[in-house]
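Containing mmCIF, C-alpha atoms: protein_15.cif.
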```cif
data_final
#
loop_
_atom_site.label_atom_id
_atom_site.label_comp_id
_atom_site.auth_asym_id
_atom_site.auth_seq_id
_atom_site.Cartn_x
_atom_site.Cartn_y
_atom_site.Cartn_z
CA MET Z 1 139.58 91.89 122.26
CA ASP Z 2 135.98 90.89 121.61
CA ILE Z 3 134.04 89.76 124.68
CA ILE Z 4 130.74 87.92 124.89
CA HIS Z 5 129.04 86.34 127.90
CA LEU Z 6 125.80 84.37 127.61
CA CYS Z 7 123.92 84.07 130.89
CA HIS Z 8 122.82 80.64 132.08
CA LEU Z 9 119.59 81.36 133.92
CA SER Z 10 117.86 79.23 136.53
CA GLU Z 11 114.11 79.09 137.08
CA SER Z 12 114.44 81.52 140.00
CA ASP Z 13 116.49 83.96 137.87
CA LEU Z 14 113.59 84.20 135.43
CA HIS Z 15 111.42 85.66 138.20
CA LEU Z 16 113.76 88.59 138.88
CA PRO Z 17 112.21 91.97 137.92
CA VAL Z 18 115.14 92.59 135.55
CA TYR Z 19 117.80 90.09 134.52
CA LEU Z 20 120.70 89.94 132.10
CA THR Z 21 120.66 87.50 129.17
CA SER Z 22 123.98 88.47 127.54
CA ALA Z 23 126.73 91.09 127.73
CA GLY Z 24 129.92 91.89 125.90
CA GLN Z 25 131.96 94.13 123.66
CA TRP Z 26 132.81 94.11 119.94
CA ASN Z 27 135.95 95.88 118.74
CA HIS Z 28 134.20 96.17 115.38
CA GLN Z 29 130.53 95.39 114.98
CA ASP Z 30 129.80 93.37 111.84
CA PRO Z 31 126.56 94.03 109.94
CA VAL Z 32 123.51 92.55 111.67
CA HIS Z 33 120.16 91.82 110.01
CA ARG Z 34 117.32 90.42 112.12
CA PRO Z 35 114.06 90.27 110.12
CA ASP Z 36 112.25 88.86 113.17
CA GLY Z 37 114.02 90.98 115.76
CA PHE Z 38 115.73 89.70 118.91
CA ALA Z 39 114.06 88.04 121.89
CA SER Z 40 115.43 90.43 124.56
CA TYR Z 41 115.72 94.18 125.07
CA GLN Z 42 119.12 95.36 123.81
CA TRP Z 43 121.23 98.31 124.91
CA LEU Z 44 124.32 99.08 122.81
CA MET Z 45 126.79 101.82 123.78
CA ILE Z 46 128.92 103.19 120.94
CA LEU Z 47 132.59 103.66 121.86
CA SER Z 48 134.05 104.67 118.48
CA GLY Z 49 133.15 104.92 114.82
CA GLU Z 50 129.66 105.38 113.45
CA GLY Z 51 126.89 103.12 112.23
CA ALA Z 52 123.42 103.22 110.71
CA VAL Z 53 120.47 101.59 112.48
CA HIS Z 54 117.38 100.62 110.48
CA VAL Z 55 114.35 100.06 112.72
CA ASP Z 56 110.64 100.96 112.71
CA GLU Z 57 110.92 102.22 109.11
CA ARG Z 58 113.52 104.81 110.11
CA ILE Z 59 117.29 105.10 109.76
CA TYR Z 60 119.32 106.42 112.67
CA SER Z 61 122.95 107.40 112.91
CA ALA Z 62 124.75 105.88 115.93
CA LYS Z 63 128.19 107.18 116.86
CA ALA Z 64 130.52 107.53 119.84
CA GLY Z 65 128.68 109.03 122.80
CA GLN Z 66 125.33 107.54 121.80
CA ALA Z 67 123.44 104.37 122.67
CA ILE Z 68 121.01 102.18 120.75
CA CYS Z 69 117.94 100.72 122.43
CA LEU Z 70 116.20 97.89 120.58
CA PHE Z 71 112.89 96.48 121.79
CA PRO Z 72 112.19 92.73 121.70
CA ASN Z 73 110.97 91.08 118.50
CA VAL Z 74 111.18 94.30 116.45
CA PRO Z 75 112.79 93.76 113.01
CA HIS Z 76 116.02 95.70 112.67
CA ARG Z 77 119.41 95.84 111.06
CA TYR Z 78 122.54 97.85 111.64
CA HIS Z 79 125.96 98.25 110.05
CA ALA Z 80 129.07 100.40 110.26
CA ILE Z 81 129.43 103.66 108.35
CA GLN Z 82 132.77 104.70 109.85
CA GLU Z 83 135.04 101.90 111.03
CA PRO Z 84 135.97 100.54 113.47
CA TRP Z 85 132.47 100.66 114.96
CA LYS Z 86 133.27 99.61 118.53
CA LEU Z 87 130.51 99.05 121.05
CA MET Z 88 129.52 97.51 124.37
CA PHE Z 89 126.23 95.65 124.62
CA ILE Z 90 123.83 94.05 127.04
CA SER Z 91 120.56 92.22 126.48
CA MET Z 92 117.95 91.96 129.21
CA GLU Z 93 114.50 90.78 130.13
CA GLY Z 94 112.13 91.03 133.08
CA SER Z 95 108.77 92.57 133.92
CA LEU Z 96 110.30 95.92 134.97
CA CYS Z 97 112.29 96.52 131.78
CA PRO Z 98 109.54 98.39 129.88
CA THR Z 99 108.58 100.39 132.98
CA LEU Z 100 112.12 101.54 133.75
CA LEU Z 101 112.80 102.43 130.11
CA ALA Z 102 109.51 104.34 129.93
CA GLN Z 103 110.65 106.48 132.88
CA ALA Z 104 113.44 107.68 130.60
CA GLY Z 105 110.95 108.40 127.82
CA ILE Z 106 112.05 105.34 125.87
CA MET Z 107 108.85 103.87 124.46
CA LYS Z 108 110.28 102.25 121.33
CA SER Z 109 113.54 101.41 119.59
CA GLY Z 110 115.83 104.33 118.80
CA VAL Z 111 119.18 106.06 119.27
CA TYR Z 112 119.91 108.28 122.27
CA ASN Z 113 122.57 110.83 123.19
CA ILE Z 114 124.44 109.96 126.38
CA LEU Z 115 125.06 112.99 128.58
CA ASN Z 116 127.68 111.26 130.76
CA ALA Z 117 129.22 108.66 128.46
CA ASP Z 118 132.13 107.84 130.79
CA LYS Z 119 129.77 106.96 133.65
CA MET Z 120 127.56 104.76 131.50
CA GLN Z 121 130.59 103.08 129.95
CA ALA Z 122 131.92 102.30 133.44
CA ASP Z 123 128.53 100.90 134.51
CA LEU Z 124 128.35 98.68 131.44
CA ALA Z 125 131.93 97.52 132.00
CA ASN Z 126 130.95 96.43 135.53
CA ILE Z 127 128.01 94.47 134.16
CA ILE Z 128 130.16 92.80 131.50
CA THR Z 129 132.79 91.89 134.09
CA GLY Z 130 130.11 90.55 136.42
CA ALA Z 131 128.59 88.45 133.67
CA GLY Z 132 131.96 86.79 133.15
CA SER Z 133 132.26 85.55 136.73
CA ASN Z 134 131.24 81.99 137.54
CA ASP Z 135 130.07 82.07 141.14
CA ASN Z 136 126.63 81.03 142.33
CA HIS Z 137 125.40 84.60 142.67
CA THR Z 138 126.45 85.92 139.26
CA ASN Z 139 122.95 86.39 137.85
CA LEU Z 140 121.65 88.03 141.02
CA GLU Z 141 124.58 90.46 141.15
CA CYS Z 142 124.14 91.28 137.46
CA SER Z 143 120.45 91.92 138.10
CA LYS Z 144 121.38 94.47 140.78
CA LEU Z 145 123.86 96.21 138.48
CA LEU Z 146 121.35 96.20 135.63
CA TYR Z 147 118.60 97.64 137.82
CA SER Z 148 120.93 100.45 138.90
CA LEU Z 149 121.85 101.20 135.28
CA LEU Z 150 118.20 101.36 134.22
CA LEU Z 151 117.37 103.69 137.10
CA ASP Z 152 120.17 106.02 135.98
CA ILE Z 153 119.19 106.14 132.30
CA PRO Z 154 116.78 109.11 132.68
CA SER Z 155 119.67 111.24 133.94
CA HIS Z 156 121.97 110.06 131.16
CA ILE Z 157 120.03 110.58 127.96
CA HIS Z 158 117.82 112.66 125.80
CA ALA Z 159 116.35 111.52 122.51
CA THR Z 160 118.25 112.57 119.41
CA GLN Z 161 116.11 115.21 117.78
CA HIS Z 162 118.19 117.09 115.26
CA THR Z 163 118.24 117.90 111.60
CA ARG Z 164 120.15 114.76 110.66
CA HIS Z 165 117.02 112.70 111.27
CA GLN Z 166 115.17 114.94 108.85
CA HIS Z 167 117.79 114.04 106.25
CA PHE Z 168 117.28 110.33 107.01
CA GLU Z 169 113.53 110.66 106.60
CA ARG Z 170 113.91 112.57 103.32
CA LEU Z 171 116.16 109.78 102.04
CA GLN Z 172 113.87 106.93 103.10
CA PRO Z 173 112.38 106.42 99.60
CA VAL Z 174 115.90 106.38 98.14
CA THR Z 175 117.46 103.96 100.63
CA ARG Z 176 114.43 101.67 100.33
CA TYR Z 177 114.72 101.73 96.53
CA ILE Z 178 118.45 100.99 96.73
CA LYS Z 179 117.88 98.00 98.99
CA GLU Z 180 115.22 96.57 96.68
CA HIS Z 181 117.05 97.28 93.40
CA CYS Z 182 120.76 97.30 94.30
CA HIS Z 183 121.40 94.34 91.97
CA GLN Z 184 120.12 96.40 89.02
CA PRO Z 185 121.81 99.31 87.18
CA LEU Z 186 121.40 102.50 89.23
CA THR Z 187 122.27 106.11 88.46
CA ILE Z 188 122.32 109.26 90.57
CA GLN Z 189 119.50 110.66 88.41
CA LEU Z 190 117.33 107.59 88.99
CA LEU Z 191 117.92 107.70 92.75
CA ALA Z 192 117.17 111.43 92.93
CA GLU Z 193 113.86 110.84 91.19
CA GLN Z 194 112.75 108.52 94.01
CA ALA Z 195 112.79 111.49 96.40
CA GLY Z 196 111.75 114.12 93.87
CA ILE Z 197 114.97 116.10 94.25
CA THR Z 198 117.93 117.07 92.08
CA PRO Z 199 121.03 114.85 91.87
CA GLN Z 200 123.06 117.64 93.46
CA TYR Z 201 120.74 117.85 96.46
CA LEU Z 202 120.70 114.06 96.75
CA CYS Z 203 124.49 114.03 97.09
CA LEU Z 204 124.30 116.77 99.72
CA LEU Z 205 121.70 114.86 101.76
CA PHE Z 206 123.74 111.65 101.66
CA LYS Z 207 126.81 113.55 102.79
CA LYS Z 208 124.93 115.10 105.72
CA ALA Z 209 123.10 111.91 106.70
CA PHE Z 210 125.74 109.21 106.13
CA ASN Z 211 128.95 111.12 105.36
CA ILE Z 212 129.30 109.15 102.11
CA ARG Z 213 128.25 109.58 98.48
CA PRO Z 214 125.08 107.91 97.16
CA MET Z 215 126.97 105.40 95.01
CA GLU Z 216 129.12 104.40 97.98
CA TYR Z 217 125.88 103.60 99.82
CA VAL Z 218 124.77 101.58 96.78
CA ASN Z 219 128.04 99.65 96.83
CA ARG Z 220 127.57 98.78 100.51
CA GLU Z 221 124.11 97.38 99.79
CA ARG Z 222 125.46 95.47 96.78
CA ILE Z 223 128.23 93.92 98.86
CA GLN Z 224 125.69 92.86 101.48
CA PHE Z 225 123.53 91.40 98.71
CA SER Z 226 126.53 89.48 97.35
CA LYS Z 227 127.32 88.05 100.79
CA GLU Z 228 123.79 86.73 101.05
CA LEU Z 229 124.16 85.17 97.60
CA MET Z 230 127.35 83.38 98.67
CA VAL Z 231 125.60 81.86 101.67
CA LEU Z 232 122.36 80.96 99.91
CA GLU Z 233 123.89 79.78 96.61
CA PRO Z 234 127.42 78.54 97.41
CA GLN Z 235 127.79 76.93 93.98
CA LEU Z 236 128.02 80.34 92.27
CA GLN Z 237 131.38 81.57 90.99
CA ILE Z 238 132.71 84.99 92.04
CA GLN Z 239 132.21 86.40 88.53
CA GLU Z 240 128.53 85.47 88.55
CA ILE Z 241 128.07 86.75 92.10
CA ALA Z 242 129.55 90.10 91.07
CA SER Z 243 127.27 90.34 88.05
CA ARG Z 244 124.13 89.36 89.96
CA SER Z 245 124.97 91.90 92.67
CA GLY Z 246 125.01 94.82 90.25
CA PHE Z 247 128.74 95.10 89.48
CA GLU Z 248 129.75 95.33 85.82
CA HIS Z 249 133.36 94.30 86.46
CA THR Z 250 134.49 91.48 88.73
CA SER Z 251 137.78 93.20 89.52
CA TYR Z 252 135.99 96.30 90.81
CA TYR Z 253 133.64 94.11 92.86
CA CYS Z 254 136.63 92.38 94.47
CA THR Z 255 138.27 95.74 95.23
CA VAL Z 256 135.13 97.14 96.88
CA PHE Z 257 134.50 93.91 98.81
CA LYS Z 258 138.05 93.88 100.22
CA ARG Z 259 137.85 97.55 101.19
CA LEU Z 260 134.52 97.18 103.03
CA GLU Z 261 134.92 93.69 104.52
CA GLY Z 262 138.66 93.47 105.08
CA ILE Z 263 138.94 90.14 103.23
CA SER Z 264 138.55 89.01 99.62
CA PRO Z 265 135.21 87.63 98.42
CA GLU Z 266 136.95 84.30 97.78
CA LYS Z 267 138.01 84.02 101.42
CA PHE Z 268 134.57 85.06 102.64
CA LYS Z 269 132.92 82.49 100.37
CA LYS Z 270 135.26 79.76 101.53
CA SER Z 271 134.69 80.56 105.21
CA HIS Z 272 130.91 80.30 104.71
CA SER Z 273 130.92 77.08 102.70
CA TYR Z 274 129.60 74.01 104.45
#
```

Write-out of the structure in structure tokens:
Amino acid sequence: MDIIHLCHLSESDLHLPVYLTSAGQWNHQDPVHRPDGFASYQWLMILSGEGAVHVDERIYSAKAGQAICLFPNVPHRYHAIQEPWKLMFISMEGSLCPTLLAQAGIMKSGVYNILNADKMQADLANIITGAGSNDNHTNLECSKLLYSLLLDIPSHIHATQHTRHQHFERLQPVTRYIKEHCHQPLTIQLLAEQAGITPQYLCLLFKKAFNIRPMEYVNRERIQFSKELMVLEPQLQIQEIASRSGFEHTSYYCTVFKRLEGISPEKFKKSHSY
């Protein structure tokens, strides 16, 4: 079951050295796109599945046994690669947040390997449970738990420095091109040219970086593009949405949409019509 707790902070709570602003758990994290970032520090612990995190002009893989740290007001987006992408999350503020994170070598947003995932998961579960209580000392108790978690982070993590990131970096021109041109006709040859590599090597890099084929990545971006169209231009018919999102055939668009989103485009459109 999904859980989310938003903290109601008093004036005195805002003077704590670290304090919680939200906490919870998603059984499957939906795609998130924040062009202006988020107001608080975020810490997301991956419990199952795998996702891609786009931040600071890089793409990270985030899977079970890893955690995502996102700094305030930094543009970012993330989405599932392997579903269900289940995670626990907290958001936090306070003057000591940057100092305590820096002690762990965390100076900017990124993805980190957790050396003792069970311990961190238990600590986060305690924070989430605490955030759900309604007594007068909830925020103070959560601050204590949060402070303890932040002190333990240096013993829990080390930055992910492995060859997969090299694959992400090599694919940056390709993924950027796909995002900007996903509504246009795209071929493997055209995508390979963006990175100056052969189509065969492009497919290999996508497999190693994302565990999917290049055109599957294109389809994911096209589906995201189509969802934005539905929200921004609700008067459009499904056939036109499919065409404007880069799909030649409406039936194929509907099949891909249902496979990736779990519902039909018609139902999604209806649920986002106001």

Next on the checklist: Applying the PyMOL selection byres ((chain Z and resi 75) around 9) to the file I just gave you, which residues come out? Please list them as a PyMOL selection string.
Outcome noted: chain Z and resi 33-38+54-56+72-74+76-77

Item to check | Nearest to Pro154 of chain Z, chosen from Z:His167, Z:Leu100, Z:Lys86, Z:Tyr78, with only C-alpha atoms counted in the distances | outcome: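 Checking each of Z:His167, Z:Leu100, Z:Lys86, Z:Tyr78 against Pro154 of chain Z, counting only C-alpha atoms, the winner is Z:Leu100.
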
Next on the checklist: Between atom CA of Lys108 of chain Z and atom CA of Ser40 of chain Z, what is the distance in Å, rounded to a tenth?
Outcome noted: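 Those two atoms sit 13.3 Å apart.
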
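Taking atom CA of Thr175 of chain Z and atom CA of Glu240 of chain Z as endpoints, the distance between them is 24.7 Å.
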
Item to check | Å distance separating atom CA of His8 of chain Z from atom CA of Glu93 of chain Z, one decimal place | outcome: 13.3 Å

Next on the checklist: Need to verify the contact set: His156 of chain Z, 7 Å, only C-alpha atoms, exclusion of same-chain residues closer than 2 positions in sequence. Can you return it as number ranges by chain?
Outcome noted: Z: 114-116, 152-154

Item to check | Residues matched by the PyMOL selection byres ((chain Z and resi 143) around 12) as a ChimeraX atom specification | outcome: /Z:7,9,13-22,90-94,96-97,126-128,130-131,137-142,144-150

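Of the listed residues Z:Ala242, Z:Ile59, Z:Leu101, Z:Leu70, the one whose atoms come nearest to Tyr41 of chain Z is Z:Leu70, with distances taken using all atoms listed in the file.
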
Item to check | Residues selected by the PyMOL selection byres ((chain Z and resi 215) around 10), written as an MDAnalysis selection string | outcome: chainID Z and resid 178 186:188 191 203 206 212:214 216:221

Checklist entry - Taking into account only C-alpha atoms, which residue in the set Z:Gln184, Z:Asn113, Z:Thr129, Z:Gln66 is nearest to Ile4 of chain Z? => result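 For Ile4 of chain Z, the nearest of the given residues is Z:Thr129.
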
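Distance check against Gly65 of chain Z using all atoms listed in the file: of Z:Tyr112, Z:Tyr177, Z:Tyr252, Z:Phe268, the minimum falls on Z:Tyr112.
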
Checklist entry - Which of these, Z:Ile157, Z:His272, Z:Cys182, Z:Glu248, has the shortest distance to Gln103 of chain Z once you count all atoms listed in the file? => result Z:Ile157

Next on the checklist: Taking 2 positions as the minimum chain separation for residues in the same chain, which residues sit within 8 Å of Ala195 of chain Z when counting all atoms listed in the file? Answer as a VMD selection string.
Outcome noted: chain Z and resid 170 to 171 173 to 174 191 to 193 197

Item to check | Given only C-alpha atoms as the counted atoms, nearest of Z:Ser48, Z:Thr198, Z:Gln29, Z:Gln237 to Pro265 of chain Z | outcome: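 Closest to Pro265 of chain Z of all the choices is Z:Gln237.
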
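All residues of protein, DNA or RNA that reach within 9 Å of Trp26 of chain Z, judged by all atoms listed in the file and not counting those fewer than 6 positions away in the chain, are Z:Met1, Z:Asp2, Z:Ile3, Z:Ile4, Z:Trp85, Z:Lys86, Z:Leu87, Z:Met88, Z:Phe89.
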
Just to be explicit: take each residue in the selection above, keep C-alpha atoms, and write the result as a CSV table (one decimal), in the coordinates of the input.
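Output (out28.csv):
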```csv
chain,number,residue,atom,x,y,z
Z,1,MET,CA,139.6,91.9,122.3
Z,2,ASP,CA,136.0,90.9,121.6
Z,3,ILE,CA,134.0,89.8,124.7
Z,4,ILE,CA,130.7,87.9,124.9
Z,85,TRP,CA,132.5,100.7,115.0
Z,86,LYS,CA,133.3,99.6,118.5
Z,87,LEU,CA,130.5,99.0,121.0
Z,88,MET,CA,129.5,97.5,124.4
Z,89,PHE,CA,126.2,95.6,124.6
```
